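So this one's query.txt, compact mmCIF, N, CA, C and O atoms:
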```txt
# COMPACT_ATOMS: atom_id res chain seq x y z
N MET A 16 0.84 -1.17 0.00
CA MET A 16 0.00 0.00 0.00
C MET A 16 0.89 1.24 0.00
O MET A 16 1.84 1.34 0.78
N VAL A 17 0.58 2.15 -0.89
CA VAL A 17 1.28 3.44 -0.90
C VAL A 17 0.20 4.50 -0.68
O VAL A 17 -0.60 4.79 -1.56
N ASP A 18 0.18 5.04 0.54
CA ASP A 18 -0.81 6.04 0.91
C ASP A 18 -0.11 7.19 1.63
O ASP A 18 1.12 7.28 1.60
N MET A 19 -0.89 8.04 2.30
CA MET A 19 -0.26 9.21 2.94
C MET A 19 0.65 8.83 4.09
O MET A 19 1.56 9.59 4.44
N LEU A 20 0.49 7.64 4.66
CA LEU A 20 1.37 7.21 5.74
C LEU A 20 2.67 6.61 5.22
O LEU A 20 3.73 6.75 5.86
N THR A 21 2.62 5.94 4.08
CA THR A 21 3.81 5.26 3.55
C THR A 21 4.51 6.04 2.44
O THR A 21 5.67 5.75 2.14
N SER A 22 3.84 7.00 1.85
CA SER A 22 4.45 7.74 0.74
C SER A 22 5.73 8.50 1.13
O SER A 22 6.63 8.62 0.31
N PRO A 23 5.86 9.00 2.38
CA PRO A 23 7.14 9.63 2.73
C PRO A 23 8.32 8.66 2.63
O PRO A 23 9.43 9.07 2.25
N GLN A 24 8.12 7.39 2.94
CA GLN A 24 9.19 6.40 2.80
C GLN A 24 9.56 6.23 1.33
O GLN A 24 10.74 6.12 0.99
N LEU A 25 8.55 6.20 0.47
CA LEU A 25 8.81 6.09 -0.97
C LEU A 25 9.59 7.31 -1.45
O LEU A 25 10.56 7.19 -2.18
N GLU A 26 9.16 8.48 -1.01
CA GLU A 26 9.84 9.72 -1.42
C GLU A 26 11.30 9.72 -0.97
O GLU A 26 12.19 10.09 -1.73
N THR A 27 11.55 9.28 0.26
CA THR A 27 12.92 9.22 0.77
C THR A 27 13.77 8.27 -0.06
O THR A 27 14.92 8.58 -0.40
N ALA A 28 13.21 7.11 -0.40
CA ALA A 28 13.95 6.12 -1.20
C ALA A 28 14.27 6.68 -2.58
O ALA A 28 15.39 6.51 -3.09
N ILE A 29 13.30 7.34 -3.20
CA ILE A 29 13.52 7.91 -4.53
C ILE A 29 14.55 9.03 -4.46
O ILE A 29 15.46 9.12 -5.30
N ASP A 30 14.44 9.89 -3.45
CA ASP A 30 15.41 10.99 -3.30
C ASP A 30 16.82 10.45 -3.12
O ASP A 30 17.77 10.99 -3.69
N SER A 31 16.95 9.38 -2.33
CA SER A 31 18.28 8.77 -2.13
C SER A 31 18.83 8.25 -3.45
O SER A 31 20.02 8.40 -3.73
N ALA A 32 17.97 7.64 -4.24
CA ALA A 32 18.41 7.13 -5.54
C ALA A 32 18.82 8.28 -6.45
O ALA A 32 19.84 8.21 -7.14
N LEU A 33 18.04 9.36 -6.47
CA LEU A 33 18.35 10.50 -7.34
C LEU A 33 19.65 11.19 -6.93
O LEU A 33 20.34 11.75 -7.79
N GLU A 34 19.99 11.16 -5.64
CA GLU A 34 21.24 11.77 -5.18
C GLU A 34 22.47 11.10 -5.80
O GLU A 34 23.53 11.71 -5.90
N GLN A 35 22.30 9.86 -6.24
CA GLN A 35 23.41 9.12 -6.85
C GLN A 35 23.62 9.52 -8.32
O GLN A 35 24.53 9.01 -8.97
N LYS A 36 22.78 10.40 -8.82
CA LYS A 36 22.86 10.89 -10.21
C LYS A 36 22.78 9.75 -11.24
O LYS A 36 23.63 9.64 -12.13
N PRO A 37 21.77 8.88 -11.13
CA PRO A 37 21.65 7.77 -12.08
C PRO A 37 21.10 8.25 -13.42
O PRO A 37 20.57 9.36 -13.52
N GLY A 38 21.22 7.42 -14.41
CA GLY A 38 20.60 7.72 -15.70
C GLY A 38 19.13 7.37 -15.72
O GLY A 38 18.36 7.88 -16.52
N ALA A 39 18.74 6.46 -14.80
CA ALA A 39 17.35 6.02 -14.74
C ALA A 39 17.04 5.52 -13.33
O ALA A 39 17.91 5.05 -12.62
N VAL A 40 15.77 5.65 -12.96
CA VAL A 40 15.27 5.12 -11.69
C VAL A 40 14.03 4.30 -12.02
O VAL A 40 13.12 4.78 -12.71
N VAL A 41 14.01 3.06 -11.54
CA VAL A 41 12.86 2.18 -11.73
C VAL A 41 12.18 2.00 -10.38
O VAL A 41 12.81 1.56 -9.41
N ILE A 42 10.91 2.33 -10.32
CA ILE A 42 10.11 2.19 -9.11
C ILE A 42 9.19 1.00 -9.30
O ILE A 42 8.36 1.00 -10.22
N ASP A 43 9.34 0.00 -8.46
CA ASP A 43 8.62 -1.27 -8.63
C ASP A 43 7.41 -1.33 -7.71
O ASP A 43 7.53 -1.48 -6.50
N PHE A 44 6.22 -1.25 -8.32
CA PHE A 44 4.97 -1.34 -7.58
C PHE A 44 4.32 -2.72 -7.74
O PHE A 44 3.12 -2.87 -7.55
N THR A 45 5.11 -3.73 -8.09
CA THR A 45 4.57 -5.07 -8.33
C THR A 45 3.71 -5.57 -7.18
O THR A 45 2.64 -6.14 -7.40
N ASP A 46 4.15 -5.38 -5.95
CA ASP A 46 3.43 -5.89 -4.78
C ASP A 46 2.48 -4.88 -4.16
O ASP A 46 1.91 -5.14 -3.10
N VAL A 47 2.29 -3.73 -4.79
CA VAL A 47 1.41 -2.71 -4.25
C VAL A 47 -0.04 -3.05 -4.61
O VAL A 47 -0.38 -3.22 -5.77
N GLU A 48 -0.86 -3.14 -3.57
CA GLU A 48 -2.27 -3.47 -3.77
C GLU A 48 -3.18 -2.25 -3.72
O GLU A 48 -4.36 -2.34 -4.05
N PHE A 49 -2.64 -1.11 -3.29
CA PHE A 49 -3.41 0.12 -3.24
C PHE A 49 -2.48 1.30 -3.43
O PHE A 49 -1.46 1.41 -2.73
N LEU A 50 -2.80 2.15 -4.38
CA LEU A 50 -1.98 3.33 -4.66
C LEU A 50 -2.85 4.56 -4.51
O LEU A 50 -3.74 4.82 -5.33
N ALA A 51 -2.62 5.30 -3.44
CA ALA A 51 -3.40 6.50 -3.16
C ALA A 51 -2.80 7.71 -3.88
O ALA A 51 -1.69 7.66 -4.42
N SER A 52 -3.54 8.79 -3.85
CA SER A 52 -3.08 10.01 -4.53
C SER A 52 -1.76 10.51 -3.95
O SER A 52 -0.96 11.10 -4.67
N ALA A 53 -1.51 10.26 -2.67
CA ALA A 53 -0.23 10.69 -2.08
C ALA A 53 0.94 9.99 -2.76
O ALA A 53 1.97 10.61 -3.02
N GLY A 54 0.78 8.72 -3.08
CA GLY A 54 1.83 7.99 -3.79
C GLY A 54 2.02 8.50 -5.19
O GLY A 54 3.15 8.60 -5.69
N MET A 55 0.91 8.84 -5.85
CA MET A 55 1.01 9.39 -7.20
C MET A 55 1.70 10.75 -7.17
O MET A 55 2.48 11.09 -8.06
N GLY A 56 1.44 11.51 -6.11
CA GLY A 56 2.10 12.80 -5.96
C GLY A 56 3.60 12.66 -5.82
O GLY A 56 4.37 13.48 -6.35
N VAL A 57 4.03 11.60 -5.15
CA VAL A 57 5.47 11.34 -5.00
C VAL A 57 6.09 11.07 -6.37
O VAL A 57 7.20 11.53 -6.66
N LEU A 58 5.38 10.34 -7.22
CA LEU A 58 5.89 10.06 -8.56
C LEU A 58 6.03 11.34 -9.38
O LEU A 58 7.03 11.52 -10.09
N VAL A 59 5.05 12.21 -9.29
CA VAL A 59 5.12 13.49 -10.02
C VAL A 59 6.30 14.32 -9.51
O VAL A 59 7.06 14.88 -10.29
N ALA A 60 6.45 14.36 -8.19
CA ALA A 60 7.57 15.12 -7.61
C ALA A 60 8.90 14.52 -8.03
O ALA A 60 9.85 15.26 -8.33
N ALA A 61 8.98 13.20 -8.08
CA ALA A 61 10.22 12.54 -8.50
C ALA A 61 10.55 12.89 -9.95
O ALA A 61 11.70 13.16 -10.29
N HIS A 62 9.53 12.89 -10.78
CA HIS A 62 9.72 13.26 -12.19
C HIS A 62 10.26 14.68 -12.28
O HIS A 62 11.19 14.97 -13.05
N ASP A 63 9.68 15.58 -11.50
CA ASP A 63 10.12 16.98 -11.52
C ASP A 63 11.55 17.12 -11.00
O ASP A 63 12.36 17.85 -11.57
N LYS A 64 11.88 16.42 -9.92
CA LYS A 64 13.23 16.49 -9.35
C LYS A 64 14.27 15.89 -10.30
O LYS A 64 15.40 16.36 -10.38
N ALA A 65 13.89 14.83 -10.98
CA ALA A 65 14.82 14.12 -11.87
C ALA A 65 15.19 14.97 -13.08
O ALA A 65 16.30 14.87 -13.59
N GLY A 66 14.28 15.79 -13.53
CA GLY A 66 14.54 16.60 -14.71
C GLY A 66 14.65 15.73 -15.95
O GLY A 66 14.25 14.56 -15.96
N SER A 67 15.24 16.26 -16.97
CA SER A 67 15.32 15.54 -18.24
C SER A 67 16.51 14.57 -18.29
O SER A 67 16.61 13.78 -19.21
N ASP A 68 17.37 14.63 -17.28
CA ASP A 68 18.56 13.77 -17.29
C ASP A 68 18.32 12.36 -16.77
O ASP A 68 19.12 11.46 -17.01
N VAL A 69 17.25 12.15 -16.03
CA VAL A 69 16.98 10.86 -15.40
C VAL A 69 15.61 10.35 -15.85
O VAL A 69 14.60 11.03 -15.67
N ALA A 70 15.59 9.17 -16.43
CA ALA A 70 14.33 8.54 -16.84
C ALA A 70 13.70 7.87 -15.64
O ALA A 70 14.32 7.04 -14.98
N ILE A 71 12.46 8.22 -15.35
CA ILE A 71 11.71 7.59 -14.26
C ILE A 71 10.77 6.57 -14.88
O ILE A 71 9.97 6.90 -15.75
N SER A 72 10.88 5.32 -14.42
CA SER A 72 10.01 4.25 -14.90
C SER A 72 9.31 3.62 -13.71
O SER A 72 9.87 3.55 -12.61
N VAL A 73 8.09 3.14 -13.95
CA VAL A 73 7.31 2.51 -12.89
C VAL A 73 6.84 1.15 -13.37
O VAL A 73 6.30 1.02 -14.47
N VAL A 74 7.05 0.15 -12.52
CA VAL A 74 6.52 -1.18 -12.78
C VAL A 74 5.15 -1.22 -12.12
O VAL A 74 5.04 -1.15 -10.90
N ALA A 75 4.12 -1.26 -12.95
CA ALA A 75 2.75 -1.24 -12.45
C ALA A 75 1.88 -2.00 -13.43
O ALA A 75 1.80 -1.65 -14.60
N ASP A 76 1.25 -3.04 -12.94
CA ASP A 76 0.39 -3.84 -13.80
C ASP A 76 -0.86 -4.20 -13.02
O ASP A 76 -0.78 -4.77 -11.94
N GLY A 77 -2.00 -3.84 -13.55
CA GLY A 77 -3.23 -4.21 -12.89
C GLY A 77 -4.04 -3.00 -12.44
O GLY A 77 -3.58 -1.87 -12.50
N PRO A 78 -5.24 -3.27 -11.98
CA PRO A 78 -6.16 -2.19 -11.65
C PRO A 78 -5.76 -1.34 -10.45
O PRO A 78 -6.14 -0.18 -10.36
N ALA A 79 -4.97 -1.88 -9.53
CA ALA A 79 -4.61 -1.13 -8.33
C ALA A 79 -3.51 -0.10 -8.58
O ALA A 79 -3.39 0.87 -7.84
N THR A 80 -2.71 -0.31 -9.63
CA THR A 80 -1.58 0.59 -9.86
C THR A 80 -1.60 1.22 -11.24
O THR A 80 -1.63 2.44 -11.37
N SER A 81 -1.56 0.42 -12.28
CA SER A 81 -1.45 1.02 -13.61
C SER A 81 -2.70 1.79 -14.00
O SER A 81 -2.60 2.85 -14.63
N ARG A 82 -3.85 1.30 -13.61
CA ARG A 82 -5.10 1.99 -14.00
C ARG A 82 -5.16 3.42 -13.44
O ARG A 82 -5.40 4.37 -14.18
N PRO A 83 -4.94 3.62 -12.12
CA PRO A 83 -4.98 5.00 -11.63
C PRO A 83 -3.89 5.88 -12.24
O PRO A 83 -4.13 7.07 -12.49
N LEU A 84 -2.72 5.31 -12.49
CA LEU A 84 -1.64 6.10 -13.09
C LEU A 84 -2.01 6.56 -14.50
O LEU A 84 -1.67 7.67 -14.92
N LYS A 85 -2.73 5.72 -15.22
CA LYS A 85 -3.19 6.08 -16.56
C LYS A 85 -4.33 7.09 -16.49
O LYS A 85 -4.36 8.06 -17.25
N LEU A 86 -5.26 6.87 -15.57
CA LEU A 86 -6.43 7.74 -15.46
C LEU A 86 -6.08 9.19 -15.12
O LEU A 86 -6.70 10.11 -15.65
N VAL A 87 -5.11 9.38 -14.25
CA VAL A 87 -4.76 10.74 -13.84
C VAL A 87 -3.67 11.37 -14.70
O VAL A 87 -3.28 12.50 -14.48
N GLY A 88 -3.15 10.61 -15.66
CA GLY A 88 -2.18 11.17 -16.60
C GLY A 88 -0.72 11.01 -16.21
O GLY A 88 0.16 11.49 -16.92
N ILE A 89 -0.45 10.33 -15.11
CA ILE A 89 0.95 10.15 -14.72
C ILE A 89 1.68 9.25 -15.72
O ILE A 89 2.88 9.41 -15.96
N ALA A 90 0.95 8.35 -16.34
CA ALA A 90 1.55 7.48 -17.36
C ALA A 90 2.04 8.28 -18.56
O ALA A 90 2.83 7.78 -19.36
N ASP A 91 1.61 9.52 -18.66
CA ASP A 91 2.07 10.38 -19.74
C ASP A 91 3.44 11.00 -19.44
O ASP A 91 4.11 11.48 -20.34
N ILE A 92 3.84 11.01 -18.16
CA ILE A 92 5.12 11.64 -17.81
C ILE A 92 6.17 10.64 -17.34
O ILE A 92 7.34 10.97 -17.32
N VAL A 93 5.75 9.44 -16.92
CA VAL A 93 6.70 8.38 -16.58
C VAL A 93 6.34 7.15 -17.40
O VAL A 93 5.18 6.95 -17.76
N LYS A 94 7.32 6.34 -17.70
CA LYS A 94 7.05 5.13 -18.48
C LYS A 94 6.56 4.03 -17.55
O LYS A 94 7.12 3.83 -16.48
N LEU A 95 5.51 3.35 -17.99
CA LEU A 95 4.96 2.23 -17.23
C LEU A 95 5.36 0.92 -17.89
O LEU A 95 5.34 0.81 -19.11
N TYR A 96 5.69 -0.06 -17.06
CA TYR A 96 6.04 -1.39 -17.53
C TYR A 96 5.26 -2.42 -16.72
O TYR A 96 4.98 -2.21 -15.54
N ALA A 97 4.95 -3.54 -17.36
CA ALA A 97 4.18 -4.60 -16.70
C ALA A 97 5.04 -5.46 -15.78
O ALA A 97 4.52 -6.11 -14.88
N SER A 98 6.35 -5.46 -16.00
CA SER A 98 7.23 -6.28 -15.15
C SER A 98 8.56 -5.57 -14.94
O SER A 98 8.96 -4.70 -15.72
N LEU A 99 9.24 -5.98 -13.88
CA LEU A 99 10.55 -5.41 -13.58
C LEU A 99 11.54 -5.75 -14.69
O LEU A 99 12.36 -4.91 -15.08
N ASP A 100 11.46 -6.97 -15.21
CA ASP A 100 12.35 -7.36 -16.31
C ASP A 100 12.20 -6.44 -17.51
O ASP A 100 13.20 -6.03 -18.12
N GLU A 101 10.96 -6.11 -17.85
CA GLU A 101 10.72 -5.19 -18.99
C GLU A 101 11.31 -3.81 -18.70
O GLU A 101 11.93 -3.21 -19.58
N ALA A 102 11.12 -3.32 -17.50
CA ALA A 102 11.63 -1.99 -17.15
C ALA A 102 13.15 -1.96 -17.19
O ALA A 102 13.73 -1.01 -17.70
N LEU A 103 13.77 -2.99 -16.65
CA LEU A 103 15.23 -3.03 -16.64
C LEU A 103 15.80 -3.20 -18.04
O LEU A 103 16.81 -2.59 -18.38
N ALA A 104 15.14 -3.99 -18.87
CA ALA A 104 15.58 -4.18 -20.25
C ALA A 104 15.49 -2.87 -21.03
O ALA A 104 16.37 -2.51 -21.79
N ALA A 105 14.41 -2.12 -20.80
CA ALA A 105 14.23 -0.83 -21.49
C ALA A 105 15.26 0.19 -21.02
O ALA A 105 15.73 1.00 -21.80
N ARG A 106 15.61 0.12 -19.76
CA ARG A 106 16.59 1.04 -19.19
C ARG A 106 17.95 0.85 -19.83
O ARG A 106 18.71 1.78 -20.01
N ASP A 107 18.25 -0.39 -20.18
CA ASP A 107 19.57 -0.72 -20.73
C ASP A 107 19.70 -0.43 -22.22
O ASP A 107 20.77 -0.60 -22.78
N THR A 108 18.60 -0.03 -22.86
CA THR A 108 18.67 0.22 -24.30
C THR A 108 18.94 1.67 -24.59
O THR A 108 18.83 2.53 -23.79
```

Will you turn the file into structure tokens for me?
Amino acid sequence: MVDMLTSPQLETAIDSALEQKPGAVVIDFTDVEFLASAGMGVLVAAHDKAGSDVAISVVADGPATSRPLKLVGIADIVKLYASLDEALAARDT
């Protein structure tokens, strides 16, 4: 579950990853059964912090994660993948 109580942990993890100046960050929501607006807000903030130098990708498949990301338009600013393998393969190309 990524909600207003757990989203600060997600934000901290993403910020730590971005401090390393990577070329890409993959956020894996495979085991997430509920994605609240607070979690989606963290993704938007991560996209903004990353700028154009870092590709933000999200592993989200199913109604609990990919559907809300598509409905609110976040899928338009971050790349969505159905599996971690797909996201990692795309990152390496």

Which residues, written as a compact mmCIF listing (two decimals) with N, CA, C and O atoms, keeping the file's coordinate frame, have at least one atom at most 7 Å from stretch 22-27 of chain A, with all atoms listed in the file counted and residues fewer than 5 positions away on the same chain left out?
```
# COMPACT_ATOMS: atom_id res chain seq x y z
N MET A 16 0.84 -1.17 0.00
CA MET A 16 0.00 0.00 0.00
C MET A 16 0.89 1.24 0.00
O MET A 16 1.84 1.34 0.78
N VAL A 17 0.58 2.15 -0.89
CA VAL A 17 1.28 3.44 -0.90
C VAL A 17 0.20 4.50 -0.68
O VAL A 17 -0.60 4.79 -1.56
N ALA A 32 17.97 7.64 -4.24
CA ALA A 32 18.41 7.13 -5.54
C ALA A 32 18.82 8.28 -6.45
O ALA A 32 19.84 8.21 -7.14
N LEU A 33 18.04 9.36 -6.47
CA LEU A 33 18.35 10.50 -7.34
C LEU A 33 19.65 11.19 -6.93
O LEU A 33 20.34 11.75 -7.79
N ALA A 53 -1.51 10.26 -2.67
CA ALA A 53 -0.23 10.69 -2.08
C ALA A 53 0.94 9.99 -2.76
O ALA A 53 1.97 10.61 -3.02
N GLY A 54 0.78 8.72 -3.08
CA GLY A 54 1.83 7.99 -3.79
C GLY A 54 2.02 8.50 -5.19
O GLY A 54 3.15 8.60 -5.69
N VAL A 57 4.03 11.60 -5.15
CA VAL A 57 5.47 11.34 -5.00
C VAL A 57 6.09 11.07 -6.37
O VAL A 57 7.20 11.53 -6.66
```

If you take all atoms listed in the file and a cut-off of 8 Å, which residues of stretch 18-47 of chain A touch stretch 92-97 of chain A, and what are their nearest atom pairs and distances in Å to one decimal, in chain and number order, as a Markdown table?
```
| residue | atom | partner | partner_atom | distance |
| --- | --- | --- | --- | --- |
| A:Val40 | O | A:Lys94 | O | 7.1 |
| A:Val41 | CA | A:Lys94 | O | 7.6 |
| A:Ile42 | O | A:Lys94 | O | 7.0 |
| A:Asp43 | CA | A:Tyr96 | O | 7.9 |
| A:Phe44 | N | A:Tyr96 | O | 7.4 |
| A:Thr45 | CA | A:Ala97 | O | 6.6 |
```

Residue subset to file, keeping N, CA, C and O atoms, as a PDB file, in the coordinates of the input:
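So the final result, stored in selection_7.pdb, reads:
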```
ATOM      1  N   VAL A  40      15.770   5.650 -12.960  1.00  0.00           N
ATOM      2  CA  VAL A  40      15.270   5.120 -11.690  1.00  0.00           C
ATOM      3  C   VAL A  40      14.030   4.300 -12.020  1.00  0.00           C
ATOM      4  O   VAL A  40      13.120   4.780 -12.710  1.00  0.00           O
ATOM      5  N   VAL A  41      14.010   3.060 -11.540  1.00  0.00           N
ATOM      6  CA  VAL A  41      12.860   2.180 -11.730  1.00  0.00           C
ATOM      7  C   VAL A  41      12.180   2.000 -10.380  1.00  0.00           C
ATOM      8  O   VAL A  41      12.810   1.560  -9.410  1.00  0.00           O
ATOM      9  N   ILE A  42      10.910   2.330 -10.320  1.00  0.00           N
ATOM     10  CA  ILE A  42      10.110   2.190  -9.110  1.00  0.00           C
ATOM     11  C   ILE A  42       9.190   1.000  -9.300  1.00  0.00           C
ATOM     12  O   ILE A  42       8.360   1.000 -10.220  1.00  0.00           O
ATOM     13  N   ASP A  43       9.340   0.000  -8.460  1.00  0.00           N
ATOM     14  CA  ASP A  43       8.620  -1.270  -8.630  1.00  0.00           C
ATOM     15  C   ASP A  43       7.410  -1.330  -7.710  1.00  0.00           C
ATOM     16  O   ASP A  43       7.530  -1.480  -6.500  1.00  0.00           O
ATOM     17  N   PHE A  44       6.220  -1.250  -8.320  1.00  0.00           N
ATOM     18  CA  PHE A  44       4.970  -1.340  -7.580  1.00  0.00           C
ATOM     19  C   PHE A  44       4.320  -2.720  -7.740  1.00  0.00           C
ATOM     20  O   PHE A  44       3.120  -2.870  -7.550  1.00  0.00           O
ATOM     21  N   THR A  45       5.110  -3.730  -8.090  1.00  0.00           N
ATOM     22  CA  THR A  45       4.570  -5.070  -8.330  1.00  0.00           C
ATOM     23  C   THR A  45       3.710  -5.570  -7.180  1.00  0.00           C
ATOM     24  O   THR A  45       2.640  -6.140  -7.400  1.00  0.00           O
TER      25      THR A  45
END
```

For stretch 64-77 of chain A, what centre and edge lengths in Å (one decimal) does the axis-aligned box get once 3 Å is added on each side of all its listed atoms, as AutoDock Vina command-line options?
```
--center_x 7.5 --center_y 5.9 --center_z -14.3 --size_x 29.2 --size_y 27.4 --size_z 15.9
```

Requested in this report: Give the alpha helix (DSSP H) residues of chain A, as DSSP finds them on the backbone, and put them as a PyMOL selection string.
Outcome: chain A and resi 22-34+52-65+81-86+99-106

Query - Atomic distance atom N of A:His62 - atom O of A:Ile29, expressed in Å with one decimal - result: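 Distance between the two atoms: 8.9 Å.
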
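All residues within stretch 50-108 of chain A that the backbone DSSP calculation assigns to strand (DSSP E) are A:Ala70, A:Ile71, A:Ser72, A:Val73, A:Val74, A:Lys94, A:Leu95, A:Tyr96.
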
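For the pair atom CA of A:Ala102 and atom CA of A:Leu58, the interatomic distance is 15.9 Å.
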
Requested in this report: Provide the atom O of A:Lys36 to atom C of A:Ala65 distance in Å, to one decimal place.
Outcome: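 For atom O of A:Lys36 relative to atom C of A:Ala65, the distance reads 10.0 Å.
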